[in-house]
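Trainee: Sharing work-v2.txt below, compact mmCIF, C-alpha atoms:
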# COMPACT_ATOMS: atom_id res chain seq x y z
CA MET A 1 -5.90 -0.40 19.42
CA ASN A 2 -6.15 1.69 16.30
CA MET A 3 -9.41 1.67 14.27
CA ARG A 4 -10.70 3.78 11.38
CA LEU A 5 -13.46 3.67 8.77
CA SER A 6 -12.87 4.53 5.11
CA PRO A 7 -15.26 4.59 2.14
CA TYR A 8 -14.40 1.94 -0.46
CA LEU A 9 -15.73 2.35 -4.00
CA MET A 10 -16.28 -0.81 -6.06
CA MET A 11 -16.15 0.02 -9.75
CA ASN A 12 -17.19 -2.02 -12.80
CA GLY A 13 -13.94 -1.79 -14.77
CA ASN A 14 -13.56 1.99 -14.65
CA ALA A 15 -11.61 2.52 -11.41
CA LYS A 16 -8.64 4.12 -13.21
CA GLU A 17 -10.98 6.62 -14.85
CA ALA A 18 -12.72 7.34 -11.52
CA ILE A 19 -9.38 7.86 -9.74
CA GLU A 20 -8.27 10.36 -12.40
CA PHE A 21 -11.63 12.13 -12.17
CA TYR A 22 -11.52 12.46 -8.36
CA GLU A 23 -7.86 13.44 -8.48
CA LYS A 24 -8.89 16.50 -10.51
CA ALA A 25 -12.38 17.18 -9.12
CA LEU A 26 -11.46 16.76 -5.43
CA ASP A 27 -7.75 17.64 -5.59
CA ALA A 28 -7.08 14.09 -4.40
CA LYS A 29 -3.56 12.72 -4.04
CA ILE A 30 -2.92 9.17 -5.25
CA LEU A 31 -1.22 7.24 -2.44
CA PHE A 32 -1.25 3.72 -3.89
CA THR A 33 -2.55 1.82 -6.90
CA GLN A 34 -2.14 -1.82 -7.91
CA THR A 35 -3.64 -3.85 -10.74
CA PHE A 36 -4.74 -7.47 -10.52
CA GLY A 37 -1.79 -8.25 -12.83
CA GLU A 38 0.64 -6.83 -10.26
CA MET A 39 -0.64 -9.08 -7.46
CA PRO A 40 1.20 -12.31 -6.56
CA GLU A 41 0.04 -15.14 -8.82
CA ASN A 42 -2.14 -17.91 -7.41
CA PRO A 43 -1.79 -21.10 -9.51
CA GLU A 44 -5.13 -22.37 -8.16
CA PHE A 45 -6.91 -19.32 -9.63
CA PRO A 46 -5.25 -18.25 -12.90
CA LEU A 47 -5.82 -14.61 -13.74
CA PRO A 48 -7.88 -13.97 -16.89
CA GLU A 49 -6.15 -11.71 -19.40
CA GLU A 50 -8.97 -9.13 -19.20
CA ALA A 51 -8.33 -8.69 -15.45
CA LYS A 52 -4.63 -7.85 -15.58
CA GLU A 53 -5.04 -4.09 -16.10
CA LEU A 54 -8.01 -3.68 -13.74
CA VAL A 55 -7.40 -2.02 -10.36
CA SER A 56 -7.24 -4.53 -7.50
CA HIS A 57 -6.70 -1.82 -4.88
CA ALA A 58 -6.03 1.90 -4.84
CA MET A 59 -6.03 4.60 -2.19
CA VAL A 60 -6.28 8.34 -2.64
CA LYS A 61 -6.22 11.09 -0.03
CA VAL A 62 -9.04 13.63 -0.17
CA GLY A 63 -8.27 16.26 2.43
CA GLU A 64 -7.77 14.23 5.61
CA THR A 65 -9.77 11.21 4.40
CA ASP A 66 -8.62 8.06 2.64
CA LEU A 67 -10.83 6.98 -0.27
CA MET A 68 -10.25 3.44 -1.57
CA PHE A 69 -11.06 1.90 -4.94
CA SER A 70 -11.18 -1.47 -6.64
CA ASP A 71 -12.59 -2.83 -9.86
CA THR A 72 -14.81 -5.86 -9.53
CA PHE A 73 -13.25 -9.04 -10.85
CA PRO A 74 -14.34 -10.00 -14.41
CA GLY A 75 -17.68 -11.76 -14.29
CA GLN A 76 -18.73 -10.01 -11.09
CA MET A 77 -20.56 -6.71 -11.20
CA SER A 78 -21.23 -4.35 -8.36
CA GLN A 79 -24.86 -3.41 -8.02
CA THR A 80 -26.52 -0.29 -6.75
CA GLY A 81 -26.25 -0.53 -2.99
CA ASP A 82 -22.94 -2.37 -2.84
CA GLN A 83 -20.86 -0.01 -4.95
CA VAL A 84 -19.78 1.83 -1.80
CA THR A 85 -18.63 -0.26 1.13
CA ILE A 86 -16.97 0.67 4.41
CA CYS A 87 -13.44 -0.54 5.04
CA LEU A 88 -12.92 -0.96 8.77
CA SER A 89 -9.21 -1.13 9.61
CA THR A 90 -7.73 -2.31 12.89
CA ASP A 91 -4.27 -3.32 14.03
CA ASP A 92 -5.56 -6.18 16.20
CA ILE A 93 -6.60 -9.62 14.84
CA GLU A 94 -8.77 -10.37 17.88
CA LYS A 95 -10.66 -7.08 17.46
CA SER A 96 -11.09 -7.75 13.74
CA THR A 97 -12.46 -11.22 14.52
CA LYS A 98 -14.88 -9.88 17.13
CA ILE A 99 -16.16 -7.15 14.76
CA PHE A 100 -16.47 -9.60 11.84
CA GLU A 101 -18.44 -12.08 13.94
CA ALA A 102 -20.75 -9.36 15.28
CA LEU A 103 -21.46 -7.98 11.79
CA SER A 104 -22.02 -11.54 10.47
CA GLU A 105 -24.88 -12.19 12.91
CA LYS A 106 -28.00 -12.38 10.72
CA GLY A 107 -25.83 -11.01 7.88
CA GLN A 108 -24.10 -12.60 4.89
CA VAL A 109 -20.40 -13.46 4.76
CA LYS A 110 -19.09 -12.61 1.30
CA MET A 111 -15.49 -13.60 2.11
CA PRO A 112 -14.56 -15.35 5.36
CA LEU A 113 -12.11 -13.55 7.64
CA GLN A 114 -8.80 -15.10 6.61
CA GLU A 115 -5.13 -14.45 6.00
CA ALA A 116 -4.37 -12.73 2.70
CA PHE A 117 -1.09 -11.71 1.12
CA PHE A 118 -1.80 -8.11 2.20
CA SER A 119 -3.30 -8.72 5.66
CA PRO A 120 -3.12 -11.24 8.51
CA ALA A 121 -6.95 -11.15 8.72
CA TYR A 122 -9.23 -9.82 5.96
CA GLY A 123 -12.86 -10.54 5.17
CA ILE A 124 -16.03 -9.07 3.68
CA VAL A 125 -19.45 -9.22 5.30
CA THR A 126 -22.83 -7.64 4.59
CA ASP A 127 -24.63 -6.95 7.86
CA LYS A 128 -28.32 -7.53 8.55
CA PHE A 129 -29.10 -4.00 7.32
CA GLY A 130 -27.49 -4.59 3.90
CA ILE A 131 -24.33 -2.56 4.62
CA THR A 132 -21.13 -4.20 3.35
CA PHE A 133 -17.99 -3.96 5.46
CA GLN A 134 -14.46 -4.96 4.52
CA ILE A 135 -12.59 -5.89 7.69
CA TYR A 136 -8.88 -5.21 7.18
CA THR A 137 -6.25 -6.00 9.78
CA GLU A 138 -3.05 -3.99 9.42
CA GLY A 139 0.32 -5.50 10.12
CA GLN A 140 2.51 -8.36 9.08
CA LYS A 141 1.22 -11.86 8.47
Will you turn the file into structure tokens for me?

Mentor:
Amino acid sequence: MNMRLSPYLMMNGNAKEAIEFYEKALDAKILFTQTFGEMPENPEFPLPEEAKELVSHAMVKVGETDLMFSDTFPGQMSQTGDQVTICLSTDDIEKSTKIFEALSEKGQVKMPLQEAFFSPAYGIVTDKFGITFQIYTEGQK
């Protein structure tokens, strides 16, 4: 089983600016960037016009470390303390489930562990210490 932890920065509408800044300041290499407008449409949740150009997910390489970014969705703001989360990636759905359940104990589930268009099992949980983890399972759905 493969597992790694990566810092994930939640931005309030300025992820593109932050990515450009870190690209220069840290000699980061942009590996991937996608806007909310580039994601598959969900007719149950129409995308507001102001969200289309915001970053839904981006990854840059700083030295040997992946640094991930996302803008918060319009109407949601990240607050001090949850602007930086930890993305825990595995390649095993059972391991992801076990980790998610353990972190959920006396914590708060922000998004249940579920299938997403980009992952067979993805969820967000804040543990009992106030640390937010994004559990991301690699692989095909």

Trainee: Show me, as a VMD selection string, the residues that have an atom within 12 Å of Gly139 of chain A when counting all atoms listed in the file, minus same-chain residues fewer than 4 positions from it.

Mentor: chain A and resid 2 89 to 93 115 to 122

Trainee: Which residues are close to Glu49 of chain A, i.e. within 12 Å by all atoms listed in the file, leaving aside same-chain residues fewer than 4 positions away? Reply as a PyMOL selection string.

Mentor: chain A and resi 35-37+53-54+73-74

Trainee: Please provide as an NGL selection string all residues within 6 Å of Ala28 of chain A, with the sequence filter that same-chain residues fewer than 4 positions apart are discarded (counting all atoms listed in the file).

Mentor: :A and (23 or 61-62)

Trainee: May I ask for the distance between atom CA of Gln114 of chain A and atom CA of Ile30 of chain A, given in Å to one decimal place?

Mentor: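 Value for the atom CA of Gln114 of chain A-atom CA of Ile30 of chain A distance: 27.6 Å.
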
Trainee: Just want the 7 Å neighbourhood of Gln108 of chain A, counted on all atoms listed in the file, with same-chain residues fewer than 4 positions away dropped. Output as a list in words.

Mentor: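 Non-adjacent residues within range: Ser104, Val125, Thr126 and Asp127 of chain A.
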
Trainee: Nearest residue to Lys95 of chain A out of A:Thr137, A:Leu26, A:Ala18, A:Pro48, using only C-alpha atoms?

Mentor: A:Thr137

Trainee: At most 7 Å from (-14.5, -14.5, 0.5), file frame, all atoms listed in the file: which residues, as an mmCIF file with C-alpha atoms, in the coordinates of the input?

Mentor:
data_model
loop_
_atom_site.group_PDB
_atom_site.id
_atom_site.type_symbol
_atom_site.label_atom_id
_atom_site.label_comp_id
_atom_site.auth_asym_id
_atom_site.auth_seq_id
_atom_site.Cartn_x
_atom_site.Cartn_y
_atom_site.Cartn_z
ATOM 1 C CA LYS A 110 -19.090 -12.610 1.300
ATOM 2 C CA MET A 111 -15.490 -13.600 2.110
ATOM 3 C CA PRO A 112 -14.560 -15.350 5.360
ATOM 4 C CA GLY A 123 -12.860 -10.540 5.170
ATOM 5 C CA ILE A 124 -16.030 -9.070 3.680
#

Trainee: In terms of the shortest atom-to-atom distance over all atoms listed in the file, which of A:Lys16, A:Lys106, A:Arg4, A:Lys128 is closest to Ser56 of chain A?

Mentor: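 Counting all atoms listed in the file, the residue closest to Ser56 of chain A is A:Lys16.
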
Trainee: Using all atoms listed in the file, which residue out of A:Thr85, A:Leu47, A:Glu20, A:Glu64 lies closest to Gly130 of chain A?

Mentor: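 Using all atoms listed in the file, Gly130 of chain A sits closest to A:Thr85.
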
Trainee: I'd like the interatomic distance between atom CA of Asn42 of chain A and atom CA of Gln83 of chain A, to a tenth of an Å.

Mentor: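 The value is 26.0 Å.
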
Trainee: Nearest to Asn14 of chain A: which of A:Pro40, A:Lys29, A:Thr72, A:Gln34 is it, counting only C-alpha atoms?

Mentor: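 Residue with the minimum atom-to-atom distance to Asn14 of chain A: A:Thr72.
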
Trainee: Please identify all polymer residues lying at most 6 Å from the point (-8.0, -0.2, -3.7) (file coordinates), using only C-alpha atoms, and present the result as a count of residues only.

Mentor: 7

Trainee: One number please: atom CA of Ile19 of chain A to atom CA of Phe133 of chain A, in Å, one decimal.

Mentor: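 Going from atom CA of Ile19 of chain A over to atom CA of Phe133 of chain A, I get 21.1 Å.
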
Trainee: Which is closer to Met11 of chain A than all the others in A:Cys87, A:Gln76, A:Val109, A:Asp66, using only C-alpha atoms?

Mentor: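 Using only C-alpha atoms, the shortest distance to Met11 of chain A belongs to A:Gln76.
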
Trainee: Starting from the incomplete input, reconstruct N, CA and C atoms of segment 11-31 of chain A and report them as a short mmCIF file (atom, residue, chain, number, x, y, z; two decimals), in the frame of the given file.

Mentor:
data_model
loop_
_atom_site.label_atom_id
_atom_site.label_comp_id
_atom_site.auth_asym_id
_atom_site.auth_seq_id
_atom_site.Cartn_x
_atom_site.Cartn_y
_atom_site.Cartn_z
N MET A 11 -15.86 -0.45 -8.40
CA MET A 11 -16.15 0.02 -9.75
C MET A 11 -16.27 -1.17 -10.71
N ASN A 12 -16.98 -0.97 -11.79
CA ASN A 12 -17.19 -2.02 -12.80
C ASN A 12 -16.24 -1.84 -13.98
N GLY A 13 -14.93 -1.88 -13.70
CA GLY A 13 -13.94 -1.79 -14.77
C GLY A 13 -13.47 -0.38 -15.09
N ASN A 14 -13.96 0.62 -14.36
CA ASN A 14 -13.56 1.99 -14.65
C ASN A 14 -12.91 2.69 -13.45
N ALA A 15 -12.25 1.92 -12.59
CA ALA A 15 -11.61 2.52 -11.41
C ALA A 15 -10.52 3.52 -11.79
N LYS A 16 -9.71 3.19 -12.80
CA LYS A 16 -8.64 4.12 -13.21
C LYS A 16 -9.23 5.46 -13.63
N GLU A 17 -10.30 5.40 -14.40
CA GLU A 17 -10.98 6.62 -14.85
C GLU A 17 -11.54 7.40 -13.66
N ALA A 18 -12.14 6.69 -12.71
CA ALA A 18 -12.72 7.34 -11.52
C ALA A 18 -11.62 7.99 -10.68
N ILE A 19 -10.50 7.30 -10.52
CA ILE A 19 -9.38 7.86 -9.74
C ILE A 19 -8.89 9.15 -10.38
N GLU A 20 -8.71 9.14 -11.70
CA GLU A 20 -8.27 10.36 -12.40
C GLU A 20 -9.29 11.49 -12.24
N PHE A 21 -10.57 11.14 -12.32
CA PHE A 21 -11.63 12.13 -12.17
C PHE A 21 -11.59 12.77 -10.78
N TYR A 22 -11.53 11.93 -9.72
CA TYR A 22 -11.52 12.46 -8.36
C TYR A 22 -10.22 13.17 -8.03
N GLU A 23 -9.14 12.75 -8.67
CA GLU A 23 -7.86 13.44 -8.48
C GLU A 23 -8.00 14.91 -8.90
N LYS A 24 -8.69 15.14 -10.01
CA LYS A 24 -8.89 16.50 -10.51
C LYS A 24 -10.03 17.21 -9.78
N ALA A 25 -11.19 16.54 -9.68
CA ALA A 25 -12.38 17.18 -9.12
C ALA A 25 -12.25 17.48 -7.64
N LEU A 26 -11.56 16.60 -6.89
CA LEU A 26 -11.46 16.76 -5.43
C LEU A 26 -10.06 17.10 -4.97
N ASP A 27 -9.16 17.36 -5.92
CA ASP A 27 -7.75 17.64 -5.59
C ASP A 27 -7.17 16.50 -4.76
N ALA A 28 -7.54 15.28 -5.12
CA ALA A 28 -7.08 14.09 -4.40
C ALA A 28 -5.64 13.77 -4.76
N LYS A 29 -4.95 13.15 -3.84
CA LYS A 29 -3.56 12.72 -4.04
C LYS A 29 -3.55 11.20 -4.08
N ILE A 30 -3.00 10.62 -5.14
CA ILE A 30 -2.92 9.17 -5.25
C ILE A 30 -1.81 8.68 -4.32
N LEU A 31 -2.19 7.80 -3.38
CA LEU A 31 -1.22 7.24 -2.44
C LEU A 31 -0.72 5.87 -2.88
#
